[in-house]
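Text of the file entry.cif, holding mmCIF, C-alpha atoms and all ligand atoms:
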```cif
data_model
#
loop_
_atom_site.label_atom_id
_atom_site.label_comp_id
_atom_site.auth_asym_id
_atom_site.auth_seq_id
_atom_site.Cartn_x
_atom_site.Cartn_y
_atom_site.Cartn_z
CA MET A 1 28.12 -12.90 11.02
CA LYS A 2 28.37 -9.82 13.24
CA ASP A 3 30.10 -7.91 10.44
CA LEU A 4 27.38 -8.91 8.06
CA ILE A 5 24.67 -7.58 10.37
CA THR A 6 26.53 -4.29 10.85
CA LEU A 7 26.90 -4.00 7.10
CA ALA A 8 23.21 -4.75 6.58
CA GLN A 9 22.15 -2.15 9.13
CA ALA A 10 24.24 0.46 7.34
CA GLN A 11 22.96 -0.53 3.89
CA PRO A 12 19.44 -1.74 4.49
CA GLU A 13 18.48 -2.20 0.86
CA ARG A 14 21.43 -4.31 -0.21
CA THR A 15 21.21 -7.92 -1.29
CA PHE A 16 23.94 -10.18 0.05
CA SER A 17 25.20 -13.29 -1.71
CA VAL A 18 26.88 -15.87 0.42
CA PRO A 19 28.02 -19.34 -0.63
CA PRO A 20 26.79 -21.13 2.47
CA ALA A 21 29.72 -23.45 2.69
CA ILE A 22 32.24 -20.67 2.92
CA GLY A 23 33.21 -19.64 6.39
CA PHE A 24 30.47 -21.59 8.10
CA VAL A 25 30.76 -25.31 7.47
CA PRO A 26 32.77 -27.75 5.32
CA ALA A 27 31.92 -27.55 1.62
CA PRO A 28 28.94 -29.78 0.73
CA THR A 29 29.36 -32.42 -1.92
CA THR A 30 25.75 -33.28 -2.74
CA PRO A 31 22.61 -31.18 -3.26
CA GLU A 32 21.12 -32.82 -0.16
CA GLU A 33 24.02 -31.70 2.00
CA TYR A 34 23.83 -28.31 0.41
CA ASP A 35 20.11 -28.12 1.13
CA LYS A 36 20.67 -28.91 4.79
CA ILE A 37 23.37 -26.25 5.05
CA LEU A 38 21.06 -23.68 3.45
CA ARG A 39 18.29 -24.49 5.89
CA ASP A 40 20.60 -24.29 8.90
CA GLN A 41 21.99 -21.03 7.64
CA ILE A 42 18.55 -19.55 7.09
CA GLU A 43 17.54 -20.51 10.60
CA THR A 44 20.64 -19.03 12.24
CA LEU A 45 20.72 -15.89 10.18
CA SER A 46 16.99 -15.27 10.58
CA LYS A 47 17.39 -15.39 14.34
CA VAL A 48 20.43 -13.11 14.41
CA ALA A 49 18.77 -10.67 11.98
CA LYS A 50 15.58 -10.60 14.06
CA ASP A 51 17.52 -9.86 17.23
CA ALA A 52 19.22 -7.00 15.37
CA GLY A 53 15.83 -5.56 14.30
CA LEU A 54 16.28 -6.58 10.66
CA ARG A 55 14.14 -8.72 8.45
CA ALA A 56 15.69 -11.45 6.37
CA GLN A 57 14.17 -12.21 3.00
CA TRP A 58 14.84 -15.51 1.31
CA PRO A 59 14.09 -16.78 -2.14
CA LEU A 60 11.24 -19.21 -1.94
CA SER A 61 12.85 -21.97 -3.88
CA LEU A 62 15.64 -23.58 -1.93
CA ALA A 63 15.45 -26.47 -4.35
CA HIS A 64 16.71 -24.21 -7.11
CA HIS A 65 19.73 -23.23 -5.07
CA SER A 66 20.58 -26.70 -3.91
CA CYS A 67 20.16 -28.35 -7.33
CA THR A 68 22.48 -25.86 -8.91
CA MET A 69 24.52 -25.40 -5.72
CA ARG A 70 24.30 -21.68 -6.27
CA PRO A 71 25.12 -19.15 -3.58
CA LEU A 72 22.10 -18.14 -1.59
CA ARG A 73 21.06 -14.55 -2.29
CA TYR A 74 19.17 -12.94 0.49
CA LYS A 75 18.24 -9.50 1.63
CA LEU A 76 18.44 -8.05 5.08
CA CYS A 77 16.50 -4.89 5.51
CA THR A 78 14.79 -2.63 7.96
CA HIS A 79 11.44 -2.76 6.21
CA HIS A 80 8.94 -5.50 5.68
CA CYS A 81 9.60 -8.03 2.92
CA VAL A 82 7.88 -11.06 1.51
CA CYS A 83 9.00 -13.70 -0.93
CA ALA A 84 7.36 -13.62 -4.31
CA MET A 85 6.34 -16.76 -6.11
CA SER A 86 8.89 -16.29 -8.84
CA PHE A 87 12.62 -16.14 -8.24
CA THR A 88 12.07 -12.39 -8.02
CA THR A 89 11.22 -11.22 -4.55
CA ILE A 90 8.89 -8.34 -3.73
CA ASP A 91 9.84 -5.83 -1.08
CA GLN A 92 6.81 -4.55 0.78
CA ALA A 93 6.50 -0.83 1.43
CA THR A 94 6.53 0.43 5.00
CA PRO A 95 3.45 -1.19 6.50
CA ARG A 96 0.69 1.24 7.43
CA LEU A 97 -3.03 0.88 8.01
CA GLN A 98 -4.78 2.79 5.23
CA ARG A 99 -8.40 1.64 5.23
CA SER A 100 -9.68 5.19 5.22
CA GLU A 101 -7.87 8.30 4.00
CA LEU A 102 -9.64 11.53 4.93
CA ALA A 103 -9.21 14.53 2.63
CA VAL A 104 -9.12 17.84 4.51
CA PRO A 105 -8.73 21.13 2.61
CA ALA A 106 -5.83 22.96 4.26
CA SER A 107 -7.64 26.24 3.64
CA THR A 108 -10.42 25.29 6.09
CA THR A 109 -8.78 25.29 9.52
CA ALA A 110 -12.11 24.71 11.28
CA LEU A 111 -12.02 21.09 10.06
CA PHE A 112 -8.63 20.16 11.54
CA GLU A 113 -9.56 19.30 15.14
CA LYS A 114 -12.55 17.23 14.08
CA ALA A 115 -10.40 15.36 11.56
CA ALA A 116 -7.80 14.68 14.25
CA ARG A 117 -10.47 13.12 16.48
CA SER A 118 -11.94 11.01 13.67
CA ALA A 119 -11.34 7.29 13.13
CA ALA A 120 -9.51 7.81 9.82
CA ASP A 121 -6.31 5.80 9.45
CA VAL A 122 -4.67 8.43 7.23
CA ILE A 123 -5.41 12.13 6.86
CA PHE A 124 -4.20 14.26 4.03
CA LEU A 125 -4.20 18.02 4.25
CA ASP A 126 -4.95 19.21 0.77
CA LEU A 127 -3.02 22.02 -0.87
CA GLU A 128 -4.14 21.04 -4.37
CA ASP A 129 -7.59 20.91 -5.94
CA ALA A 130 -9.68 21.73 -2.87
CA VAL A 131 -7.81 25.04 -2.48
CA ALA A 132 -8.43 28.08 -4.71
CA PRO A 133 -5.33 29.68 -6.29
CA ASP A 134 -5.57 32.79 -4.12
CA ASP A 135 -5.56 30.68 -0.96
CA LYS A 136 -2.59 28.45 -1.80
CA GLU A 137 0.01 30.25 0.32
CA GLN A 138 -2.25 30.61 3.34
CA ALA A 139 -3.29 26.94 3.03
CA ARG A 140 0.38 25.93 3.12
CA ARG A 141 0.92 28.00 6.27
CA ASN A 142 -2.19 26.45 7.82
CA ALA A 143 -0.95 22.95 7.02
CA ILE A 144 2.42 23.61 8.66
CA ALA A 145 0.80 25.02 11.78
CA ALA A 146 -1.68 22.14 11.97
CA LEU A 147 0.99 19.49 11.51
CA ASN A 148 2.92 20.96 14.41
CA GLU A 149 0.17 22.02 16.77
CA VAL A 150 -2.79 19.67 16.44
CA ASN A 151 -2.73 16.36 18.34
CA TRP A 152 -3.23 13.81 15.55
CA GLY A 153 -2.85 10.76 17.79
CA ASP A 154 -1.49 7.74 15.97
CA LYS A 155 -2.82 8.68 12.55
CA SER A 156 -0.61 8.73 9.49
CA LEU A 157 -0.38 12.27 8.18
CA SER A 158 0.02 13.22 4.58
CA VAL A 159 -0.04 16.47 2.62
CA ARG A 160 -1.28 16.60 -0.95
CA ILE A 161 1.10 19.00 -2.62
CA ASN A 162 0.32 20.86 -5.82
CA GLY A 163 1.14 19.20 -9.13
CA LEU A 164 4.55 19.24 -10.79
CA ASP A 165 3.10 21.47 -13.49
CA THR A 166 2.44 24.33 -11.05
CA HIS A 167 4.81 26.87 -9.53
CA TYR A 168 3.46 26.09 -6.04
CA MET A 169 4.94 22.64 -5.84
CA TYR A 170 8.58 23.31 -4.99
CA ARG A 171 7.67 25.57 -2.08
CA ASP A 172 5.04 23.10 -0.86
CA VAL A 173 7.71 20.42 -0.60
CA ILE A 174 10.48 22.53 0.85
CA GLU A 175 8.41 24.32 3.45
CA ILE A 176 6.37 21.33 4.52
CA VAL A 177 9.23 18.83 4.73
CA GLU A 178 11.59 21.32 6.39
CA ASN A 179 9.13 22.40 9.04
CA CYS A 180 6.96 19.39 9.84
CA PRO A 181 8.77 16.59 11.69
CA ARG A 182 5.43 14.83 12.35
CA LEU A 183 4.68 14.36 8.62
CA ASP A 184 4.60 10.76 7.35
CA LEU A 185 3.73 11.03 3.66
CA LEU A 186 3.51 13.35 0.69
CA LEU A 187 0.70 12.72 -1.78
CA ILE A 188 1.71 13.66 -5.32
CA PRO A 189 -1.21 14.40 -7.63
CA LYS A 190 -1.45 13.71 -11.36
CA VAL A 191 1.72 11.68 -11.63
CA GLY A 192 2.25 10.96 -15.32
CA VAL A 193 5.70 9.41 -15.62
CA ALA A 194 8.17 7.69 -13.31
CA ALA A 195 10.47 10.72 -13.47
CA ASP A 196 7.85 12.82 -11.65
CA VAL A 197 8.34 10.66 -8.57
CA TYR A 198 12.10 10.50 -9.08
CA ALA A 199 12.23 14.31 -9.03
CA LEU A 200 10.26 14.44 -5.79
CA ASP A 201 12.43 11.76 -4.22
CA MET A 202 15.54 13.78 -5.08
CA LEU A 203 14.15 16.94 -3.51
CA VAL A 204 12.87 15.19 -0.38
CA THR A 205 16.17 13.33 0.04
CA GLN A 206 18.15 16.56 -0.07
CA ILE A 207 15.89 18.22 2.48
CA GLU A 208 16.01 15.22 4.80
CA HIS A 209 19.80 15.20 4.73
CA ALA A 210 20.17 18.96 5.06
CA LYS A 211 17.75 19.14 7.97
CA ARG A 212 18.80 15.81 9.53
CA ARG A 213 15.18 14.73 9.61
CA ASP A 214 14.57 11.68 11.80
CA LYS A 215 11.41 10.41 10.15
CA ARG A 216 11.80 9.32 6.56
CA ILE A 217 9.04 10.67 4.34
CA GLY A 218 7.07 8.14 2.32
CA LEU A 219 5.39 8.99 -0.96
CA GLU A 220 1.91 8.22 -2.27
CA VAL A 221 0.93 9.02 -5.82
CA LEU A 222 -2.37 9.69 -7.50
CA ILE A 223 -2.98 7.85 -10.72
CA GLU A 224 -5.64 10.04 -12.27
CA THR A 225 -4.66 10.78 -15.84
CA ALA A 226 -4.47 8.76 -19.03
CA LEU A 227 -0.70 9.31 -19.00
CA GLY A 228 -0.36 8.09 -15.43
CA LEU A 229 -2.36 4.95 -16.12
CA SER A 230 -0.34 4.19 -19.26
CA ASN A 231 2.86 4.38 -17.22
CA VAL A 232 1.53 2.79 -14.06
CA GLU A 233 4.00 -0.11 -13.96
CA ALA A 234 7.01 2.19 -14.36
CA ILE A 235 5.62 4.59 -11.76
CA ALA A 236 5.18 1.70 -9.33
CA GLN A 237 8.95 1.10 -9.53
CA SER A 238 10.03 4.72 -9.50
CA SER A 239 11.18 5.24 -5.91
CA ARG A 240 11.93 3.26 -2.78
CA ARG A 241 9.96 5.88 -0.86
CA LEU A 242 6.78 4.95 -2.68
CA GLU A 243 4.19 3.30 -0.42
CA ALA A 244 0.80 3.64 -2.07
CA MET A 245 -1.12 4.60 -5.19
CA SER A 246 -4.56 6.16 -5.12
CA PHE A 247 -6.95 6.07 -8.02
CA GLY A 248 -8.41 9.54 -8.64
CA ALA A 249 -11.65 8.90 -10.49
CA GLY A 250 -12.54 12.60 -10.89
CA ASP A 251 -9.46 13.72 -12.75
CA PHE A 252 -9.24 10.37 -14.52
CA ALA A 253 -12.69 10.92 -16.01
CA ALA A 254 -11.68 14.43 -17.06
CA SER A 255 -8.43 13.21 -18.59
CA THR A 256 -9.95 10.33 -20.54
CA ARG A 257 -13.23 12.16 -21.27
CA MET A 258 -15.30 9.47 -19.70
CA ARG A 259 -19.00 10.14 -19.40
CA THR A 260 -19.68 10.42 -15.71
CA THR A 261 -21.09 13.26 -13.70
CA VAL A 262 -20.43 12.29 -10.07
CA ILE A 263 -16.83 11.69 -8.97
CA GLY A 264 -16.37 7.92 -8.66
CA GLY A 265 -20.00 7.31 -9.62
CA LEU A 266 -21.46 5.36 -12.51
CA ASP A 267 -22.78 6.21 -15.96
CA PRO A 268 -26.37 4.98 -16.44
CA HIS A 269 -25.63 4.22 -20.12
CA PHE A 270 -22.49 2.18 -19.44
CA GLY A 271 -23.55 -1.44 -19.56
CA VAL A 272 -24.60 -4.30 -21.77
CA LEU A 273 -27.93 -5.02 -23.39
CA ALA A 274 -28.29 -8.76 -22.94
CA ASP A 275 -29.55 -11.13 -25.61
CA ARG A 276 -33.23 -11.93 -25.58
CA ASN A 277 -34.20 -14.23 -22.68
CA ALA A 278 -36.92 -16.91 -22.67
CA ALA A 279 -39.55 -14.25 -22.04
CA GLY A 280 -38.33 -12.32 -25.11
CA GLU A 281 -36.90 -9.47 -23.02
CA ARG A 282 -33.48 -7.86 -23.33
CA PRO A 283 -32.40 -6.79 -19.82
CA PHE A 284 -29.82 -4.02 -19.47
CA TYR A 285 -26.99 -4.70 -17.01
CA GLN A 286 -25.17 -1.65 -15.81
CA GLY A 287 -21.38 -1.99 -15.79
CA ASP A 288 -18.53 -0.57 -13.76
CA PRO A 289 -16.59 1.93 -15.89
CA TRP A 290 -13.69 2.07 -13.40
CA HIS A 291 -12.94 -1.62 -13.38
CA ALA A 292 -10.25 -1.72 -16.07
CA ALA A 293 -8.21 1.17 -14.65
CA GLN A 294 -8.55 -0.11 -11.11
CA GLY A 295 -7.45 -3.61 -12.10
CA ARG A 296 -4.24 -2.25 -13.64
CA ILE A 297 -3.47 -0.19 -10.57
CA VAL A 298 -3.96 -3.14 -8.22
CA ALA A 299 -1.67 -5.38 -10.29
CA ALA A 300 1.05 -2.71 -10.56
CA CYS A 301 0.89 -2.03 -6.82
CA ARG A 302 0.89 -5.63 -5.69
CA ALA A 303 3.70 -6.53 -8.09
CA HIS A 304 5.87 -3.91 -6.42
CA GLY A 305 4.82 -4.12 -2.79
CA LEU A 306 2.65 -0.97 -2.72
CA ARG A 307 -0.83 -0.42 -1.28
CA PRO A 308 -3.58 0.30 -3.83
CA ILE A 309 -6.08 2.84 -2.46
CA ASP A 310 -9.36 3.72 -4.11
CA GLY A 311 -9.97 7.47 -4.37
CA PRO A 312 -13.00 9.69 -3.82
CA TYR A 313 -16.72 9.06 -4.07
CA GLY A 314 -18.20 12.49 -4.58
CA ASP A 315 -21.83 12.03 -3.51
CA PHE A 316 -21.24 11.94 0.25
CA ARG A 317 -24.96 11.67 1.03
CA ASP A 318 -25.16 8.39 -0.84
CA SER A 319 -23.76 5.94 1.72
CA ASP A 320 -25.10 2.91 -0.19
CA GLY A 321 -23.29 4.07 -3.31
CA PHE A 322 -20.10 4.63 -1.33
CA ARG A 323 -20.32 1.23 0.35
CA ALA A 324 -20.91 -0.53 -2.96
CA ALA A 325 -17.94 1.27 -4.57
CA ALA A 326 -15.74 0.43 -1.57
CA ARG A 327 -16.79 -3.24 -1.67
CA ARG A 328 -16.00 -3.48 -5.37
CA ALA A 329 -12.59 -1.95 -4.72
CA ALA A 330 -11.96 -4.28 -1.76
CA GLY A 331 -12.97 -7.23 -3.93
CA LEU A 332 -10.33 -6.25 -6.47
CA GLY A 333 -7.58 -6.02 -3.84
CA PHE A 334 -7.62 -2.35 -2.86
CA GLU A 335 -6.58 -1.74 0.69
CA GLY A 336 -8.62 1.34 1.49
CA LYS A 337 -10.60 4.26 0.13
CA TRP A 338 -10.61 8.00 0.48
CA ALA A 339 -13.22 9.75 2.55
CA ILE A 340 -14.10 13.22 1.30
CA HIS A 341 -16.53 13.64 4.17
CA PRO A 342 -16.31 12.38 7.78
CA SER A 343 -19.45 10.27 7.24
CA GLN A 344 -17.47 8.07 4.82
CA ILE A 345 -14.73 7.15 7.33
CA ASP A 346 -16.59 4.45 9.27
CA LEU A 347 -17.98 2.99 6.07
CA ALA A 348 -14.48 2.64 4.64
CA ASN A 349 -13.07 1.22 7.88
CA GLN A 350 -15.83 -1.38 7.97
CA VAL A 351 -15.48 -2.48 4.37
CA PHE A 352 -11.69 -2.75 4.51
CA SER A 353 -11.53 -4.61 7.85
CA PRO A 354 -11.94 -8.38 7.88
CA GLY A 355 -15.04 -9.37 9.86
CA PRO A 356 -14.88 -11.73 12.87
CA GLU A 357 -16.09 -14.69 10.80
CA GLU A 358 -13.45 -14.11 8.16
CA VAL A 359 -10.74 -13.94 10.83
CA GLU A 360 -12.03 -17.08 12.52
CA ARG A 361 -12.07 -18.98 9.24
CA ALA A 362 -8.55 -17.76 8.43
CA ARG A 363 -7.36 -19.12 11.79
CA ARG A 364 -9.02 -22.46 11.10
CA ILE A 365 -7.40 -22.62 7.63
CA VAL A 366 -3.95 -22.02 9.10
CA ALA A 367 -4.59 -24.66 11.79
CA ALA A 368 -5.93 -27.17 9.22
CA MET A 369 -2.93 -26.64 6.98
CA ALA A 370 -0.51 -27.01 9.90
CA GLN A 371 -2.14 -30.36 10.63
CA ALA A 372 -1.96 -31.26 6.91
CA ALA A 373 1.76 -30.45 6.88
CA ARG A 374 2.32 -32.74 9.89
CA GLU A 375 0.55 -35.50 7.97
CA GLY A 376 2.56 -34.79 4.82
CA LEU A 377 -0.48 -33.55 2.85
CA GLY A 378 -0.57 -30.51 0.55
CA ALA A 379 -4.32 -30.02 0.52
CA VAL A 380 -7.20 -30.90 2.83
CA GLN A 381 -10.93 -30.35 3.18
CA LEU A 382 -12.36 -27.73 5.50
CA ASP A 383 -16.14 -27.34 5.77
CA GLY A 384 -16.49 -29.42 2.62
CA ARG A 385 -14.18 -27.19 0.56
CA LEU A 386 -10.64 -27.65 -0.64
CA VAL A 387 -7.95 -25.66 1.10
CA ASP A 388 -4.34 -25.80 0.02
CA ILE A 389 -1.14 -23.84 0.38
CA ALA A 390 -2.62 -20.89 -1.57
CA SER A 391 -5.38 -20.79 1.06
CA ILE A 392 -2.74 -20.28 3.76
CA ARG A 393 -1.42 -17.25 1.91
CA MET A 394 -4.91 -15.74 1.68
CA ALA A 395 -5.59 -16.58 5.32
CA ARG A 396 -2.32 -15.00 6.44
CA ASN A 397 -3.27 -11.76 4.63
CA VAL A 398 -6.50 -11.67 6.61
CA LEU A 399 -4.76 -12.39 9.91
CA ALA A 400 -2.04 -9.80 9.29
CA LYS A 401 -4.68 -7.15 8.59
CA ALA A 402 -6.66 -8.12 11.70
CA GLU A 403 -3.49 -7.90 13.77
CA ALA A 404 -2.65 -4.44 12.39
CA ILE A 405 -6.17 -3.23 13.20
CA ALA A 406 -6.02 -4.65 16.70
CA GLY A 407 -2.66 -2.93 17.18
CA ARG A 408 -4.13 0.45 16.38
CA THR A 409 -5.67 1.05 19.77
CA LEU A 410 -5.88 4.83 19.78
CA HIS A 411 -8.53 6.25 17.54
CA ALA A 412 -9.06 9.56 19.21
CA PRO A 413 -6.15 11.45 20.71
CA SER A 414 -6.53 11.96 24.45
C1 LIG B 1 -8.84 12.96 -6.99
O1 LIG B 1 -7.96 13.74 -6.88
C2 LIG B 1 -9.65 12.85 -8.16
O2 LIG B 1 -9.35 13.57 -9.12
O3 LIG B 1 -10.58 12.05 -8.17
MG MG B 2 -7.61 14.84 -8.73
#
```

Could you write out this structure as structure tokens?
Ligand code: GLV
Ligand code: MG
Amino acid sequence: MKDLITLAQAQPERTFSVPPAIGFVPAPTTPEEYDKILRDQIETLSKVAKDAGLRAQWPLSLAHHSCTMRPLRYKLCTHHCVCAMSFTTIDQATPRLQRSELAVPASTTALFEKAARSAADVIFLDLEDAVAPDDKEQARRNAIAALNEVNWGDKSLSVRINGLDTHYMYRDVIEIVENCPRLDLLLIPKVGVAADVYALDMLVTQIEHAKRRDKRIGLEVLIETALGLSNVEAIAQSSRRLEAMSFGAGDFAASTRMRTTVIGGLDPHFGVLADRNAAGERPFYQGDPWHAAQGRIVAACRAHGLRPIDGPYGDFRDSDGFRAAARRAAGLGFEGKWAIHPSQIDLANQVFSPGPEEVERARRIVAAMAQAAREGLGAVQLDGRLVDIASIRMARNVLAKAEAIAGRTLHAPS
């Protein structure tokens, strides 16, 4: 067992297959015996792995293993994992609160201190579209200085590098990753194919090894072109560094030639003209032109353990419009939204945090289901509505988010 843990610590991504009977207990002869051995083994190994700072990930269906008496495949890793509902398990990216992601042009140094004191969960210093070509080199120098000198508190820090189609990109990556130990993430714009991320991973990996960097850089990508959206599933599986995908409505509209004028806003003509009602009228219902693209991004992210993040809402004076866009995104499963102006940070944090009533209800669902399990029931009634095992999963999502928010005590650096 000790050897196994040492091996797992050295190779955190590896899956181990162990016939449970071998080396631990006498060989089972029936599926029932096998099942008991699996359960005992899971319990012991989970405890040992936890003590060693590892997480053990098990396939959900023990029944499958014990019926076929197949070796139990499990994964021990240093990052967070969950079991998927199929036999395929989903590794979760490094957990990180990302309700609000503040965009700060790296060319405007006057904004840095204010951004550092804001309540944003993530800040990205922008070297890409908010910076004019003549300012690119200075912006990069500013970003390096800011990453090293400003007190960012417990925020996650990201830099949006220039696109892979520009000659700025390689220097952005090399200089930023070599010189900024505080950096958490790189945001890659206009990702079109999985190989874009693969190339970045290769470069970052080399720099990390050469410079013996302690903190491993995570990657976030922007899906904001027709090409990127068409390849979104492949991109979602392109690198183990990948943590999140943002939807960039501005460039997406440009790439697909959608008819919208405000970034992330609506098109007054996009909607349906309903059939005639009893009064003989035909009401027009405005639609959400982003829905289809956003839905694909959420599914690709959740299928591969990434966080889907909704991108910018350009009209920063329209807080109602921002809130409505954020609520639609949250309803679809997005985990946060960009803020292109400080006034959007609190709005995003509010929308993407579960409210006290939601948390309270989640706790009651978990308690009701624990009671149901003791009584051997799979589903029960709570407040006149059915709750079942799927409800526990939803409730646990809410509680995990509430716990992460409560754990983030420092908003402003002291
Ligand atoms: C973000 O980069 C966008 O294009 O909307
Ligand atoms: Mg863009």

Kindly provide, as a compact mmCIF listing (two decimals) with C-alpha atoms, in the coordinates of the input, all nucleotide and amino acid residues lying within 6 Å of ligand MG 2 (chain B), counting only C-alpha atoms and all ligand atoms.
```
# COMPACT_ATOMS: atom_id res chain seq x y z
CA GLY A 248 -8.41 9.54 -8.64
CA GLY A 250 -12.54 12.60 -10.89
CA ASP A 251 -9.46 13.72 -12.75
```

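Across A:Lys337, A:Arg317, A:Arg374, A:Arg282, the tightest approach to ligand LIG 1 (chain B) is made by A:Lys337 when counting only C-alpha atoms and all ligand atoms.
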
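Minimum atom-to-atom distances from A:Ala303, A:Ala400, A:Val232, A:Leu127 to ligand LIG 1 (chain B) were compared using all atoms listed in the file, and the lowest value belongs to A:Leu127.
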
List all protein, DNA and RNA residues that have an atom no more than 9 Å from any atom of ligand LIG 1 (chain B), counting all atoms listed in the file, and report them as a ChimeraX atom specification. /A:128-129,189-190,222-225,246-254,263-264,311-314

Test item: residues at most 12 Å from region 359-363 of chain A, all atoms listed in the file, excluding those fewer than 3 positions along its chain, as an MDAnalysis selection string: chainID A and resid 353:356 366:370 382:383 387 391:403 405:406

Emit as AutoDock Vina command-line options the padded axis-aligned box for all listed atoms of region 404-408 of chain A, 6 Å per side, with centre and edge lengths in Å to one decimal.
```
--center_x -4.4 --center_y -2.1 --center_z 14.8 --size_x 15.5 --size_y 17.1 --size_z 16.8
```

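Within the 8 Å cut-off around region 156-171 of chain A, using only C-alpha atoms and omitting residues fewer than 3 positions from it on the same chain, the listed residues are Arg96, Asp121, Val122, Ile123, Phe124, Leu125, Asp126, Leu127, Glu128, Asp129, Lys136, Ala143, Ile174, Glu175, Ile176, Arg182, Leu183, Asp184, Leu185, Leu186, Leu187, Ile188, Pro189, Lys190, Val191 and Asp196 of chain A.
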
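CA of Cys180 (chain A) is found 11.0 Å from CA of Asp214 (chain A).
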
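Distance-wise, CA of Thr109 (chain A) and CA of Ala146 (chain A) end up 8.1 Å apart.
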
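Between CA of His291 (chain A) and CA of Met258 (chain A) lies a distance of 13.0 Å.
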
Excluding same-chain residues fewer than 3 positions from Tyr285 (chain A), what lies within 12 Å of it counting only C-alpha atoms, as a CSV table (one decimal) with C-alpha atoms, in the coordinates of the input?
```csv
chain,number,residue,atom,x,y,z
A,267,ASP,CA,-22.8,6.2,-16.0
A,268,PRO,CA,-26.4,5.0,-16.4
A,269,HIS,CA,-25.6,4.2,-20.1
A,270,PHE,CA,-22.5,2.2,-19.4
A,271,GLY,CA,-23.6,-1.4,-19.6
A,272,VAL,CA,-24.6,-4.3,-21.8
A,273,LEU,CA,-27.9,-5.0,-23.4
A,274,ALA,CA,-28.3,-8.8,-22.9
A,275,ASP,CA,-29.6,-11.1,-25.6
A,282,ARG,CA,-33.5,-7.9,-23.3
A,288,ASP,CA,-18.5,-0.6,-13.8
```

Enumerate, as a list in words, the protein, DNA and RNA residues whose atoms approach (9.6, 2.4, -5.2) to within 10 Å, taking into account only C-alpha atoms and the coordinate frame of the file. Asp91, Gln92, Ala93, Ala194, Val197, Tyr198, Asp201, Gly218, Leu219, Ala234, Ile235, Ala236, Gln237, Ser238, Ser239, Arg240, Arg241, Leu242, Glu243, Ala244, Cys301, His304, Gly305 and Leu306 of chain A

Could you take the residues named above and write them with C-alpha atoms, as a CSV table (one decimal), in the coordinates of the input?
```
chain,number,residue,atom,x,y,z
A,91,ASP,CA,9.8,-5.8,-1.1
A,92,GLN,CA,6.8,-4.6,0.8
A,93,ALA,CA,6.5,-0.8,1.4
A,194,ALA,CA,8.2,7.7,-13.3
A,197,VAL,CA,8.3,10.7,-8.6
A,198,TYR,CA,12.1,10.5,-9.1
A,201,ASP,CA,12.4,11.8,-4.2
A,218,GLY,CA,7.1,8.1,2.3
A,219,LEU,CA,5.4,9.0,-1.0
A,234,ALA,CA,7.0,2.2,-14.4
A,235,ILE,CA,5.6,4.6,-11.8
A,236,ALA,CA,5.2,1.7,-9.3
A,237,GLN,CA,9.0,1.1,-9.5
A,238,SER,CA,10.0,4.7,-9.5
A,239,SER,CA,11.2,5.2,-5.9
A,240,ARG,CA,11.9,3.3,-2.8
A,241,ARG,CA,10.0,5.9,-0.9
A,242,LEU,CA,6.8,5.0,-2.7
A,243,GLU,CA,4.2,3.3,-0.4
A,244,ALA,CA,0.8,3.6,-2.1
A,301,CYS,CA,0.9,-2.0,-6.8
A,304,HIS,CA,5.9,-3.9,-6.4
A,305,GLY,CA,4.8,-4.1,-2.8
A,306,LEU,CA,2.6,-1.0,-2.7
```
